[in-house]
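Novice: Sharing input_26.cif below, mmCIF, C-alpha atoms and all ligand atoms:
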data_target
loop_
_atom_site.label_atom_id
_atom_site.label_comp_id
_atom_site.auth_asym_id
_atom_site.auth_seq_id
_atom_site.Cartn_x
_atom_site.Cartn_y
_atom_site.Cartn_z
CA MET A 1 24.33 -39.74 13.94
CA ASP A 2 22.24 -37.99 11.32
CA LEU A 3 19.86 -35.45 12.92
CA ARG A 4 16.94 -36.93 11.02
CA GLU A 5 17.50 -40.33 12.67
CA GLN A 6 17.41 -38.82 16.15
CA ILE A 7 13.82 -37.64 15.70
CA ASP A 8 11.30 -39.57 17.82
CA LYS A 9 8.45 -40.41 15.45
CA GLU A 10 6.12 -40.89 18.44
CA LYS A 11 6.57 -37.27 19.59
CA LEU A 12 6.23 -35.34 16.37
CA PRO A 13 4.59 -31.92 16.34
CA VAL A 14 1.38 -32.19 14.31
CA HIS A 15 1.52 -28.60 13.07
CA VAL A 16 4.67 -26.54 12.48
CA ALA A 17 4.35 -22.86 11.54
CA VAL A 18 7.24 -20.84 10.12
CA ILE A 19 8.03 -17.12 9.92
CA MET A 20 10.50 -17.00 7.03
CA ASP A 21 12.61 -13.95 7.79
CA GLY A 22 15.92 -12.50 6.63
CA ASN A 23 15.73 -12.58 2.82
CA GLY A 24 16.57 -8.87 2.62
CA ARG A 25 19.54 -9.11 5.00
CA TRP A 26 20.85 -12.20 3.20
CA ALA A 27 20.73 -10.26 -0.09
CA ARG A 28 22.53 -7.27 1.42
CA GLN A 29 25.29 -9.54 2.77
CA GLN A 30 25.72 -11.02 -0.69
CA GLY A 31 25.65 -7.62 -2.42
CA LYS A 32 22.47 -8.65 -4.23
CA SER A 33 19.01 -7.06 -4.62
CA ARG A 34 16.23 -7.78 -2.09
CA VAL A 35 14.39 -9.60 -4.86
CA ALA A 36 17.37 -11.96 -5.28
CA GLY A 37 17.05 -12.66 -1.55
CA HIS A 38 13.42 -13.74 -2.01
CA GLN A 39 14.38 -15.86 -5.03
CA HIS A 40 16.97 -17.71 -2.95
CA GLY A 41 14.31 -18.06 -0.26
CA VAL A 42 12.43 -20.42 -2.56
CA THR A 43 15.19 -23.04 -2.14
CA ALA A 44 14.64 -22.92 1.62
CA VAL A 45 10.86 -23.23 1.09
CA ARG A 46 11.45 -26.41 -0.95
CA GLU A 47 13.93 -27.84 1.60
CA VAL A 48 11.68 -27.22 4.61
CA THR A 49 8.58 -28.49 2.81
CA GLU A 50 10.34 -31.72 1.82
CA ALA A 51 11.91 -32.15 5.25
CA ALA A 52 8.51 -31.71 6.94
CA ALA A 53 6.75 -34.10 4.55
CA GLU A 54 9.50 -36.72 4.94
CA THR A 55 9.37 -36.42 8.75
CA GLY A 56 5.62 -37.02 8.86
CA ILE A 57 4.45 -33.54 9.88
CA ARG A 58 0.72 -33.20 9.14
CA PHE A 59 0.50 -29.40 8.77
CA LEU A 60 3.19 -26.92 7.73
CA THR A 61 2.15 -23.26 7.61
CA LEU A 62 4.47 -20.74 5.95
CA PHE A 63 4.09 -16.98 6.40
CA ALA A 64 4.73 -15.99 2.77
CA PHE A 65 3.19 -12.51 2.63
CA SER A 66 1.67 -10.39 5.39
CA THR A 67 -1.03 -7.73 5.18
CA GLU A 68 1.71 -5.26 6.14
CA ASN A 69 3.96 -6.43 3.27
CA TRP A 70 1.69 -4.55 0.81
CA GLN A 71 3.41 -1.40 2.09
CA ARG A 72 6.81 -2.45 0.72
CA PRO A 73 8.06 -0.73 -2.48
CA GLN A 74 5.76 -1.61 -5.40
CA GLU A 75 8.66 -3.21 -7.24
CA GLU A 76 9.34 -5.64 -4.40
CA VAL A 77 5.62 -6.46 -4.02
CA ASN A 78 5.37 -7.18 -7.75
CA ALA A 79 8.49 -9.34 -7.65
CA LEU A 80 7.14 -11.35 -4.70
CA MET A 81 3.82 -11.89 -6.49
CA THR A 82 5.60 -13.02 -9.69
CA LEU A 83 7.80 -15.32 -7.64
CA LEU A 84 4.72 -16.83 -6.07
CA VAL A 85 3.04 -17.53 -9.40
CA ASN A 86 6.25 -18.97 -10.88
CA THR A 87 6.97 -21.08 -7.80
CA LEU A 88 3.46 -22.54 -7.73
CA GLU A 89 3.89 -23.49 -11.38
CA SER A 90 7.38 -24.92 -11.04
CA GLU A 91 6.82 -26.74 -7.74
CA ILE A 92 3.65 -28.61 -8.60
CA GLU A 93 5.74 -31.74 -9.28
CA THR A 94 7.40 -31.50 -5.86
CA LEU A 95 3.95 -31.18 -4.27
CA MET A 96 2.58 -34.21 -6.13
CA LYS A 97 5.71 -36.31 -5.55
CA ASN A 98 5.47 -35.63 -1.81
CA ASN A 99 1.68 -36.23 -1.74
CA ILE A 100 1.14 -32.68 -0.38
CA VAL A 101 -2.20 -30.85 -0.18
CA LEU A 102 -1.72 -27.13 -0.85
CA ARG A 103 -3.98 -24.72 1.07
CA ALA A 104 -4.00 -21.01 1.80
CA ILE A 105 -5.10 -18.63 4.55
CA GLY A 106 -5.32 -14.83 4.39
CA ASN A 107 -7.32 -12.24 2.51
CA LEU A 108 -7.00 -13.97 -0.86
CA GLU A 109 -9.51 -11.59 -2.45
CA VAL A 110 -6.94 -8.79 -2.57
CA LEU A 111 -4.28 -10.87 -4.35
CA PRO A 112 -3.65 -10.04 -8.02
CA GLU A 113 -5.96 -12.05 -10.28
CA GLU A 114 -3.09 -14.11 -11.75
CA VAL A 115 -1.77 -15.13 -8.34
CA ARG A 116 -5.22 -16.06 -7.04
CA GLU A 117 -6.08 -18.09 -10.15
CA ASN A 118 -2.77 -19.93 -10.06
CA LEU A 119 -3.16 -20.61 -6.37
CA LEU A 120 -6.70 -21.96 -6.77
CA LYS A 121 -5.58 -24.09 -9.73
CA THR A 122 -2.63 -25.57 -7.82
CA MET A 123 -4.76 -26.15 -4.71
CA GLY A 124 -7.29 -27.98 -6.92
CA LYS A 125 -4.60 -30.21 -8.44
CA THR A 126 -3.34 -31.27 -5.01
CA SER A 127 -6.73 -31.59 -3.31
CA ALA A 128 -6.90 -35.39 -3.65
CA ASN A 129 -3.44 -35.89 -2.11
CA THR A 130 -3.43 -37.50 1.31
CA GLY A 131 -0.12 -36.41 2.84
CA MET A 132 1.00 -33.22 4.54
CA ASN A 133 -1.04 -30.02 4.33
CA LEU A 134 1.12 -27.10 3.19
CA VAL A 135 -0.68 -23.94 4.24
CA LEU A 136 0.50 -20.68 2.67
CA ALA A 137 -0.37 -17.53 4.62
CA LEU A 138 -0.85 -14.89 1.92
CA SER A 139 -1.95 -11.35 2.57
CA TYR A 140 -2.44 -12.71 6.07
CA SER A 141 -2.40 -10.99 9.43
CA ALA A 142 -3.77 -12.44 12.65
CA ARG A 143 -5.57 -9.25 13.67
CA TRP A 144 -7.26 -9.13 10.26
CA GLU A 145 -8.31 -12.78 10.70
CA ILE A 146 -9.66 -12.18 14.23
CA ALA A 147 -11.52 -8.98 13.27
CA HIS A 148 -12.97 -10.78 10.23
CA ALA A 149 -14.20 -13.63 12.45
CA ALA A 150 -15.79 -11.13 14.87
CA GLY A 151 -17.59 -9.51 11.93
CA GLN A 152 -18.95 -12.84 10.76
CA ILE A 153 -20.09 -13.75 14.26
CA ALA A 154 -21.89 -10.38 14.57
CA HIS A 155 -23.51 -10.99 11.20
CA ASP A 156 -24.76 -14.45 12.22
CA VAL A 157 -26.12 -13.08 15.51
CA LYS A 158 -27.95 -10.31 13.65
CA GLU A 159 -29.42 -12.84 11.22
CA GLU A 160 -30.50 -14.87 14.28
CA LYS A 161 -28.41 -17.84 13.10
CA LEU A 162 -26.31 -17.69 16.25
CA ASP A 163 -27.20 -17.28 19.91
CA PRO A 164 -24.67 -14.88 21.53
CA GLY A 165 -24.79 -17.07 24.66
CA LYS A 166 -23.15 -19.84 22.62
CA ILE A 167 -20.02 -17.82 21.84
CA ASN A 168 -17.04 -19.53 23.45
CA GLU A 169 -13.43 -20.31 22.49
CA LYS A 170 -14.38 -23.34 20.43
CA LEU A 171 -17.04 -21.45 18.49
CA PHE A 172 -14.73 -18.51 17.92
CA SER A 173 -12.05 -20.86 16.54
CA ASP A 174 -14.62 -22.21 14.10
CA TYR A 175 -14.95 -18.73 12.58
CA LEU A 176 -11.20 -18.44 11.95
CA GLN A 177 -9.63 -19.49 8.65
CA THR A 178 -7.77 -22.25 10.46
CA ARG A 179 -11.05 -23.85 11.61
CA ASP A 180 -10.04 -27.35 10.48
CA ILE A 181 -6.33 -27.01 11.26
CA PRO A 182 -5.02 -27.88 14.75
CA ASP A 183 -3.14 -25.12 16.61
CA PRO A 184 0.61 -25.10 15.87
CA ASP A 185 2.73 -27.16 18.26
CA LEU A 186 5.89 -25.43 17.12
CA LEU A 187 6.57 -21.99 15.63
CA ILE A 188 9.95 -21.37 14.00
CA ARG A 189 11.30 -17.90 13.22
CA THR A 190 14.55 -17.36 11.35
CA SER A 191 17.00 -14.43 11.20
CA GLY A 192 17.46 -13.84 14.93
CA GLU A 193 14.36 -11.69 15.42
CA TYR A 194 12.26 -12.45 18.51
CA ARG A 195 8.83 -11.34 17.33
CA ILE A 196 5.52 -12.84 16.25
CA SER A 197 4.73 -10.09 13.70
CA ASN A 198 0.95 -10.54 13.67
CA PHE A 199 1.08 -14.26 12.77
CA LEU A 200 -1.54 -16.74 14.09
CA LEU A 201 -2.00 -14.82 17.36
CA TRP A 202 -5.06 -16.74 18.50
CA GLN A 203 -3.67 -20.14 17.50
CA ILE A 204 -0.24 -19.91 19.22
CA ALA A 205 -1.56 -19.61 22.80
CA TYR A 206 0.39 -22.75 23.85
CA THR A 207 2.79 -23.12 20.93
CA GLU A 208 6.49 -23.79 21.56
CA LEU A 209 8.66 -21.06 20.02
CA TYR A 210 11.98 -21.76 18.29
CA PHE A 211 14.30 -19.01 17.06
CA THR A 212 17.39 -19.43 14.92
CA PRO A 213 19.87 -16.72 13.90
CA LYS A 214 20.17 -18.21 10.39
CA LEU A 215 18.70 -16.15 7.57
CA TRP A 216 15.86 -17.78 5.64
CA PRO A 217 17.71 -18.35 2.32
CA ASP A 218 20.38 -20.33 4.25
CA ILE A 219 17.86 -22.71 5.84
CA ARG A 220 18.17 -26.37 4.83
CA LYS A 221 16.59 -29.68 5.89
CA GLU A 222 19.08 -30.13 8.76
CA ASP A 223 17.92 -26.83 10.31
CA PHE A 224 14.34 -28.08 10.28
CA PHE A 225 15.35 -31.38 11.90
CA GLN A 226 17.29 -29.41 14.54
CA ALA A 227 14.15 -27.42 15.40
CA ILE A 228 12.09 -30.63 15.72
CA LEU A 229 14.71 -32.17 18.02
CA ASP A 230 14.76 -29.05 20.18
CA TYR A 231 10.94 -29.21 20.41
CA GLN A 232 11.09 -32.87 21.43
CA HIS A 233 13.24 -32.00 24.45
CA ARG A 234 10.70 -29.60 25.87
CA GLU A 235 8.02 -30.33 28.43
CA ARG A 236 4.60 -29.01 27.45
CA ARG A 237 2.34 -28.34 30.42
CA PHE A 238 -0.49 -26.25 28.93
CA GLY A 239 -0.82 -24.33 32.21
CA ARG A 240 -0.89 -27.50 34.34
CA VAL A 241 1.81 -28.96 36.60
CA SER A 242 4.29 -31.69 35.65
CA GLU A 243 3.37 -35.26 36.37
C1 LIG B 1 10.99 -12.04 4.86
O1 LIG B 1 12.27 -11.53 4.55
C2 LIG B 1 10.40 -12.78 3.76
C3 LIG B 1 9.30 -12.39 3.04
C4 LIG B 1 8.55 -11.17 3.31
C5 LIG B 1 8.79 -13.19 1.92
C6 LIG B 1 8.89 -14.67 2.01
C7 LIG B 1 8.84 -15.22 0.65
C8 LIG B 1 9.61 -16.21 0.16
C9 LIG B 1 10.57 -16.97 0.98
C10 LIG B 1 9.58 -16.59 -1.28
C11 LIG B 1 8.38 -17.22 -1.87
C12 LIG B 1 7.56 -18.07 -0.99
C13 LIG B 1 6.83 -19.12 -1.41
C14 LIG B 1 5.94 -19.82 -0.45
C15 LIG B 1 6.86 -19.61 -2.79
P1 LIG B 1 12.49 -9.97 4.65
O2 LIG B 1 12.36 -9.41 3.28
O3 LIG B 1 11.58 -9.38 5.66
O4 LIG B 1 13.98 -9.91 5.14
P2 LIG B 1 14.68 -8.76 5.99
O5 LIG B 1 13.96 -8.70 7.31
O6 LIG B 1 16.10 -9.24 6.12
O7 LIG B 1 14.57 -7.51 5.18
#
What's the structure tokens form of this structure?
Ligand code: FPP
Specialist:
Amino acid sequence: MDLREQIDKEKLPVHVAVIMDGNGRWARQQGKSRVAGHQHGVTAVREVTEAAAETGIRFLTLFAFSTENWQRPQEEVNALMTLLVNTLESEIETLMKNNIVLRAIGNLEVLPEEVRENLLKTMGKTSANTGMNLVLALSYSARWEIAHAAGQIAHDVKEEKLDPGKINEKLFSDYLQTRDIPDPDLLIRTSGEYRISNFLLWQIAYTELYFTPKLWPDIRKEDFFQAILDYQHRERRFGRVSE
């Protein structure tokens, strides 16, 4: 039976987060440039986005560019930024067809003007859609996000808008960029690396982790369905005991 048909629609993860890794290694294996690896990664982005939307996932967060990625060779950074602008332009139809709302988290202020403008424009065009939320993490790192939240909390305390006695987990979450996004139920990482790499550290406290050895450019819809099925066979206890 088709993997897709085995998925239990009553036990879907609400939020799936993905660390898309292995573009560089894929390119090396193919004797291509790293940039070609990222370009082929766009096919996997489209496949996973469509697979998630078709399955009925409410939130899909993709780690597209980390704060640390700025330290890659300038040429690769430029190519990734161009790819982002081009992909946003070329994929708008896919987003509309699948009723997807595009959103972004990360330090968007440091993105090149053209990328930011394109992103804001595309987010605007999709804002009235009612289907899945596709959240792009761009110039994102979890420690940056947490430190930024702490700074804003300190600011509000200083301005006497916030009573320090009221600071608890819920309030802290409300200062994060994911304030209106539920914590991920499932985190997928490709390319056989077993790391979190500064992604959504606060939010993944009870997230199920799924690792696949496949490199990101090779990922297709079936791989996404496989991850969902694996998730559905797990027992989530959130620190409690089984019933
Ligand atoms: C990790 O592979 C991947 C990235 C740093 C970039 C991800 C970007 C894309 C898939 C393309 C564009 C995305 C969107 C949302 C349009 P790596 O370079 O770290 O691979 P390696 O570990 O094998 O070197």
Novice: Within 9 Å of ligand LIG 1 (chain B), counting all atoms listed in the file: which residues, as a PyMOL selection string?
Specialist: chain A and resi 19-28+34-35+37-46+62-66+69+80-81+83-88+91+136-138+191+193+215-217
Novice: Quick one: distance from CA of Leu186 in chain A to CA of Arg4 in chain A in Å, one decimal?
Specialist: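 Between these atoms lies a distance of 17.1 Å.
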Novice: With a distance cut-off of 12 Å and all atoms listed in the file, select the neighbouring residues of Glu5 in chain A, excluding the residue or stretch itself and same-chain residues fewer than 4 positions from it, and output the selection as number ranges by chain.
Specialist: A: 1, 9, 54-55, 222, 225-226, 228-229
Novice: Can you pull out every residue within 8 Å of range 128-134 of chain A, counting all atoms listed in the file, but drop anything in the same chain fewer than 2 positions away, and send it as a compact mmCIF listing (two decimals) with C-alpha atoms, in the frame of the given file?
Specialist:
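Result went into selection13.txt, see below:
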# COMPACT_ATOMS: atom_id res chain seq x y z
CA THR A 49 8.58 -28.49 2.81
CA ALA A 53 6.75 -34.10 4.55
CA GLY A 56 5.62 -37.02 8.86
CA ILE A 57 4.45 -33.54 9.88
CA ARG A 58 0.72 -33.20 9.14
CA PHE A 59 0.50 -29.40 8.77
CA LEU A 60 3.19 -26.92 7.73
CA THR A 61 2.15 -23.26 7.61
CA LEU A 62 4.47 -20.74 5.95
CA MET A 96 2.58 -34.21 -6.13
CA ASN A 98 5.47 -35.63 -1.81
CA ASN A 99 1.68 -36.23 -1.74
CA ILE A 100 1.14 -32.68 -0.38
CA VAL A 101 -2.20 -30.85 -0.18
CA LEU A 102 -1.72 -27.13 -0.85
CA ARG A 103 -3.98 -24.72 1.07
CA LYS A 125 -4.60 -30.21 -8.44
CA THR A 126 -3.34 -31.27 -5.01
CA LEU A 136 0.50 -20.68 2.67
Novice: Between CA of Glu47 in chain A and CA of Ile219 in chain A, what is the distance in Å, rounded to a tenth?
Specialist: 7.7 Å
Novice: Could you work out how far CA of Ile105 in chain A lies from CA of Pro164 in chain A, giving the answer in Å with one decimal?
Specialist: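 Spanning CA of Pro164 in chain A to CA of Ile105 in chain A is a straight-line distance of 26.2 Å.
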Novice: Counting only C-alpha atoms, which residue out of A:Glu50, A:Glu145, A:Asp223, A:Glu89 sits closest to Met123 in chain A?
Specialist: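 The answer is A:Glu89, which sits nearest to Met123 in chain A.
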